[in-house]
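Below is one structure; the comments refer to it alone.
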Amino acid sequence: MSAIDFDSLWDYAKPDETERKFREVLTTLSQDDPFSLELLTQIARAQGLQRKFDEAHNTLDIVEKKLNNDASRAKVRYLLERGRASNSSGNAAQARPLFEQAEEMANRLSEDFYAVDAVHMLAIISPPPQSLTLNLRAIKLAESSGQQKARNWLGSLYNNTGWSYHDLGEYESALEMFQKAEAWYGSKGRVNERRIATWTLARTLRSMNRVE
């Protein structure tokens with residue numbers, strides 16, 4: 001297996017199995033291979049999803065020791081996963097500067113996918129008004145990106161932004177976002193996600209007392 005495509009092994013519903021697969025790939029890489037550092041960040045993410053936060057941070061400590069001061073995709077991914085592990089273990093304040101650093105570095109490297117990821121994580125840890133602003137910024141970045149991988153964020157971003165509007169009681173704007181999510185998932189043939197998007201439309205209409 002190429003060192004480049006290990007991300008295709010992700011199954012977020014089964015982080016334990018994903019970690020096992022990642023460790024198998026890791027044995028095929030040399031310790032000096034930059035992809036090994038990226039892979040370790042994803043092992044840490046899998047550990048975090050299993051709520052093994054100490055293990056996740058220990059894995060990220062290994063990555064940190066091997067990083068230098070230069071900007072790199074491995075460093076961006078390290079910052080993202082250190083932030084995610086911190087946030088998931090209840091320390092959003094510690095996570096925020098990590099996500100901010102990740103966004104800045106990803107933009108500098110023209111790594112749009114990870115820049116969007118960082119903004120989307122900042123939105124998750126922010127209160128509703130700020131979260132909405134951040135989600136809209138993430139959408140603008142994804143929509144304007146020439147990188148298809150970054151544009152693949154749009155379905156979830158439309159959904160997240162719809163809920164941000166809904167939480168603020170701005171139901172017309174929420175409805176527009178959920179319609180975009182439904183259309184986007186439909187265009188990609190993603191049946192389950194489109195079904196969920198259709199439900200969010202109905203939920204918003206109910207909030208608007210348009211029960212018919």
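Ordered as shown in the structure tokens, chains take letters A, B, and onward, while each chain numbers its residues from 1 and ligands are numbered from 1 in the order shown.
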Quick one: everything within 10 Å of A:Glu193, counting only C-alpha atoms, minus sequence neighbours fewer than 2 positions away in the same chain. Send it as a VMD selection string. chain A and resid 155 to 156 159 181 to 182 184 to 186 188 to 191 195 to 199
Quick one: residues within 10 Å of A:Met208, only C-alpha atoms counted, chain neighbours fewer than 6 positions away excluded, as a ChimeraX atom specification? /A:169-172,175,202
Write out, as a tab-separated table (two decimals), in the first residue's frame, the residues just selected, with N, CA and C atoms.
```tsv
chain	number	residue	atom	x	y	z
A	169	GLY	N	-32.40	30.69	15.91
A	169	GLY	CA	-33.78	31.01	15.55
A	169	GLY	C	-33.94	31.64	14.18
A	170	GLU	N	-32.87	31.59	13.36
A	170	GLU	CA	-32.92	32.16	12.01
A	170	GLU	C	-33.31	31.03	11.04
A	171	TYR	N	-34.60	30.70	11.06
A	171	TYR	CA	-35.05	29.48	10.40
A	171	TYR	C	-35.02	29.56	8.87
A	172	GLU	N	-35.27	30.72	8.31
A	172	GLU	CA	-35.22	30.83	6.84
A	172	GLU	C	-33.81	30.55	6.34
A	175	LEU	N	-33.10	26.88	6.71
A	175	LEU	CA	-33.74	26.11	5.65
A	175	LEU	C	-32.93	26.16	4.36
A	202	ALA	N	-37.34	19.04	7.27
A	202	ALA	CA	-38.62	18.86	7.95
A	202	ALA	C	-38.57	19.41	9.37
```
Neighbour list for stretch 78-81 of chain A as an MDAnalysis selection string, cut-off 6 Å, only C-alpha atoms, skip fewer than 5 positions in-chain: chainID A and resid 41 98:99 102
Residues just named, written with N, CA, C and O atoms as a PDB file, in the first residue's frame:
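Result written to out_21.pdb:
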```
ATOM      1  N   THR A  41      -0.434  10.749  13.681  1.00  0.00           N
ATOM      2  CA  THR A  41      -1.486  11.690  14.111  1.00  0.00           C
ATOM      3  C   THR A  41      -2.865  11.059  13.969  1.00  0.00           C
ATOM      4  O   THR A  41      -3.762  11.316  14.783  1.00  0.00           O
ATOM      5  N   LEU A  98      -4.421  25.793  19.176  1.00  0.00           N
ATOM      6  CA  LEU A  98      -3.887  24.751  18.296  1.00  0.00           C
ATOM      7  C   LEU A  98      -4.608  24.764  16.954  1.00  0.00           C
ATOM      8  O   LEU A  98      -3.979  24.665  15.893  1.00  0.00           O
ATOM      9  N   PHE A  99      -5.938  24.893  16.989  1.00  0.00           N
ATOM     10  CA  PHE A  99      -6.700  24.966  15.747  1.00  0.00           C
ATOM     11  C   PHE A  99      -6.359  26.247  14.978  1.00  0.00           C
ATOM     12  O   PHE A  99      -6.276  26.236  13.744  1.00  0.00           O
ATOM     13  N   ALA A 102      -3.106  25.672  13.298  1.00  0.00           N
ATOM     14  CA  ALA A 102      -3.285  24.744  12.179  1.00  0.00           C
ATOM     15  C   ALA A 102      -3.869  25.459  10.968  1.00  0.00           C
ATOM     16  O   ALA A 102      -3.425  25.223   9.836  1.00  0.00           O
TER      17      ALA A 102
END
```
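Across A:Val211, A:Leu122, A:Leu9, A:Ala74, the tightest approach to A:Ala93 is made by A:Leu122 when counting only C-alpha atoms.
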Need the shell around A:Ala183: protein/DNA/RNA residues with any atom at most 8 Å away, counting only C-alpha atoms. Skip same-chain ones fewer than 4 positions apart. Format as an MDAnalysis selection string? chainID A and resid 179 187 194
Can you pull out every residue from stretch 14-124 of chain A that DSSP, working from the backbone, puts in helix (DSSP H, G or I), and format the result as a PyMOL selection string? chain A and resi 15-26+34-49+53-66+73-88+92-108+112-124
Take the residues from that selection and write them out as a PDB file, in the first residue's frame, keeping C-alpha atoms.
```pdb
ATOM      1  CA  PRO A  15     -11.908   3.575  15.564  1.00  0.00           C
ATOM      2  CA  ASP A  16     -10.458   0.458  17.189  1.00  0.00           C
ATOM      3  CA  GLU A  17     -10.354  -1.383  13.863  1.00  0.00           C
ATOM      4  CA  THR A  18      -9.014   1.728  12.149  1.00  0.00           C
ATOM      5  CA  GLU A  19      -6.195   2.019  14.675  1.00  0.00           C
ATOM      6  CA  ARG A  20      -5.269  -1.617  14.058  1.00  0.00           C
ATOM      7  CA  LYS A  21      -5.150  -1.051  10.279  1.00  0.00           C
ATOM      8  CA  PHE A  22      -3.071   2.096  10.713  1.00  0.00           C
ATOM      9  CA  ARG A  23      -0.560   0.250  12.895  1.00  0.00           C
ATOM     10  CA  GLU A  24      -0.211  -2.418  10.224  1.00  0.00           C
ATOM     11  CA  VAL A  25       0.610   0.284   7.656  1.00  0.00           C
ATOM     12  CA  LEU A  26       3.020   1.937  10.093  1.00  0.00           C
ATOM     13  CA  PRO A  34       7.245  11.985   6.764  1.00  0.00           C
ATOM     14  CA  PHE A  35       4.118   9.957   6.109  1.00  0.00           C
ATOM     15  CA  SER A  36       4.808   7.991   9.291  1.00  0.00           C
ATOM     16  CA  LEU A  37       4.322  11.183  11.296  1.00  0.00           C
ATOM     17  CA  GLU A  38       1.033  11.891   9.541  1.00  0.00           C
ATOM     18  CA  LEU A  39      -0.059   8.334  10.181  1.00  0.00           C
ATOM     19  CA  LEU A  40       0.783   8.640  13.880  1.00  0.00           C
ATOM     20  CA  THR A  41      -1.486  11.690  14.111  1.00  0.00           C
ATOM     21  CA  GLN A  42      -4.328   9.570  12.771  1.00  0.00           C
ATOM     22  CA  ILE A  43      -3.543   6.766  15.201  1.00  0.00           C
ATOM     23  CA  ALA A  44      -3.868   9.404  17.923  1.00  0.00           C
ATOM     24  CA  ARG A  45      -7.222  10.459  16.472  1.00  0.00           C
ATOM     25  CA  ALA A  46      -8.437   6.861  16.519  1.00  0.00           C
ATOM     26  CA  GLN A  47      -7.327   6.584  20.135  1.00  0.00           C
ATOM     27  CA  GLY A  48      -9.188   9.771  20.988  1.00  0.00           C
ATOM     28  CA  LEU A  49     -12.366   8.441  19.401  1.00  0.00           C
ATOM     29  CA  PHE A  53      -7.024  10.416  25.663  1.00  0.00           C
ATOM     30  CA  ASP A  54      -3.792   9.748  27.567  1.00  0.00           C
ATOM     31  CA  GLU A  55      -2.734   7.301  24.862  1.00  0.00           C
ATOM     32  CA  ALA A  56      -3.636   9.820  22.169  1.00  0.00           C
ATOM     33  CA  HIS A  57      -1.496  12.510  23.786  1.00  0.00           C
ATOM     34  CA  ASN A  58       1.381  10.057  24.252  1.00  0.00           C
ATOM     35  CA  THR A  59       1.244   9.215  20.541  1.00  0.00           C
ATOM     36  CA  LEU A  60       1.215  12.905  19.683  1.00  0.00           C
ATOM     37  CA  ASP A  61       4.214  13.444  21.987  1.00  0.00           C
ATOM     38  CA  ILE A  62       6.152  11.060  19.728  1.00  0.00           C
ATOM     39  CA  VAL A  63       5.192  13.134  16.694  1.00  0.00           C
ATOM     40  CA  GLU A  64       6.034  16.419  18.408  1.00  0.00           C
ATOM     41  CA  LYS A  65       9.554  15.262  19.232  1.00  0.00           C
ATOM     42  CA  LYS A  66      10.228  14.481  15.563  1.00  0.00           C
ATOM     43  CA  ARG A  73       1.481  19.012   6.456  1.00  0.00           C
ATOM     44  CA  ALA A  74       2.562  16.635   9.228  1.00  0.00           C
ATOM     45  CA  LYS A  75       2.782  19.575  11.617  1.00  0.00           C
ATOM     46  CA  VAL A  76      -0.660  20.837  10.559  1.00  0.00           C
ATOM     47  CA  ARG A  77      -2.132  17.410  11.215  1.00  0.00           C
ATOM     48  CA  TYR A  78      -0.324  17.213  14.549  1.00  0.00           C
ATOM     49  CA  LEU A  79      -1.847  20.541  15.616  1.00  0.00           C
ATOM     50  CA  LEU A  80      -5.317  19.427  14.506  1.00  0.00           C
ATOM     51  CA  GLU A  81      -5.169  16.149  16.400  1.00  0.00           C
ATOM     52  CA  ARG A  82      -3.610  17.643  19.522  1.00  0.00           C
ATOM     53  CA  GLY A  83      -6.469  20.141  19.469  1.00  0.00           C
ATOM     54  CA  ARG A  84      -9.089  17.449  18.907  1.00  0.00           C
ATOM     55  CA  ALA A  85      -7.714  15.296  21.730  1.00  0.00           C
ATOM     56  CA  SER A  86      -7.688  18.297  24.053  1.00  0.00           C
ATOM     57  CA  ASN A  87     -11.217  19.337  23.136  1.00  0.00           C
ATOM     58  CA  SER A  88     -12.657  15.829  23.395  1.00  0.00           C
ATOM     59  CA  ALA A  92     -11.569  23.512  24.648  1.00  0.00           C
ATOM     60  CA  ALA A  93      -9.514  26.486  25.849  1.00  0.00           C
ATOM     61  CA  GLN A  94      -6.306  24.530  25.224  1.00  0.00           C
ATOM     62  CA  ALA A  95      -7.584  23.358  21.844  1.00  0.00           C
ATOM     63  CA  ARG A  96      -8.402  26.794  20.413  1.00  0.00           C
ATOM     64  CA  PRO A  97      -4.845  28.104  19.816  1.00  0.00           C
ATOM     65  CA  LEU A  98      -3.887  24.751  18.296  1.00  0.00           C
ATOM     66  CA  PHE A  99      -6.700  24.966  15.747  1.00  0.00           C
ATOM     67  CA  GLU A 100      -5.788  28.590  15.034  1.00  0.00           C
ATOM     68  CA  GLN A 101      -2.151  27.620  14.395  1.00  0.00           C
ATOM     69  CA  ALA A 102      -3.285  24.744  12.179  1.00  0.00           C
ATOM     70  CA  GLU A 103      -5.448  27.057  10.073  1.00  0.00           C
ATOM     71  CA  GLU A 104      -2.670  29.605   9.636  1.00  0.00           C
ATOM     72  CA  MET A 105      -0.090  26.998   8.659  1.00  0.00           C
ATOM     73  CA  ALA A 106      -2.459  25.127   6.334  1.00  0.00           C
ATOM     74  CA  ASN A 107      -3.262  28.375   4.519  1.00  0.00           C
ATOM     75  CA  ARG A 108       0.444  29.118   4.192  1.00  0.00           C
ATOM     76  CA  ASP A 112      -7.121  23.859   1.838  1.00  0.00           C
ATOM     77  CA  PHE A 113      -8.616  20.629   3.188  1.00  0.00           C
ATOM     78  CA  TYR A 114      -6.824  21.022   6.513  1.00  0.00           C
ATOM     79  CA  ALA A 115      -7.497  24.763   6.658  1.00  0.00           C
ATOM     80  CA  VAL A 116     -11.221  24.022   6.362  1.00  0.00           C
ATOM     81  CA  ASP A 117     -10.869  21.290   8.990  1.00  0.00           C
ATOM     82  CA  ALA A 118      -9.278  23.766  11.403  1.00  0.00           C
ATOM     83  CA  VAL A 119     -11.991  26.392  10.901  1.00  0.00           C
ATOM     84  CA  HIS A 120     -14.700  23.752  11.261  1.00  0.00           C
ATOM     85  CA  MET A 121     -13.160  22.652  14.580  1.00  0.00           C
ATOM     86  CA  LEU A 122     -13.005  26.258  15.768  1.00  0.00           C
ATOM     87  CA  ALA A 123     -16.711  26.516  14.941  1.00  0.00           C
ATOM     88  CA  ILE A 124     -17.451  23.407  17.002  1.00  0.00           C
TER      89      ILE A 124
END
```
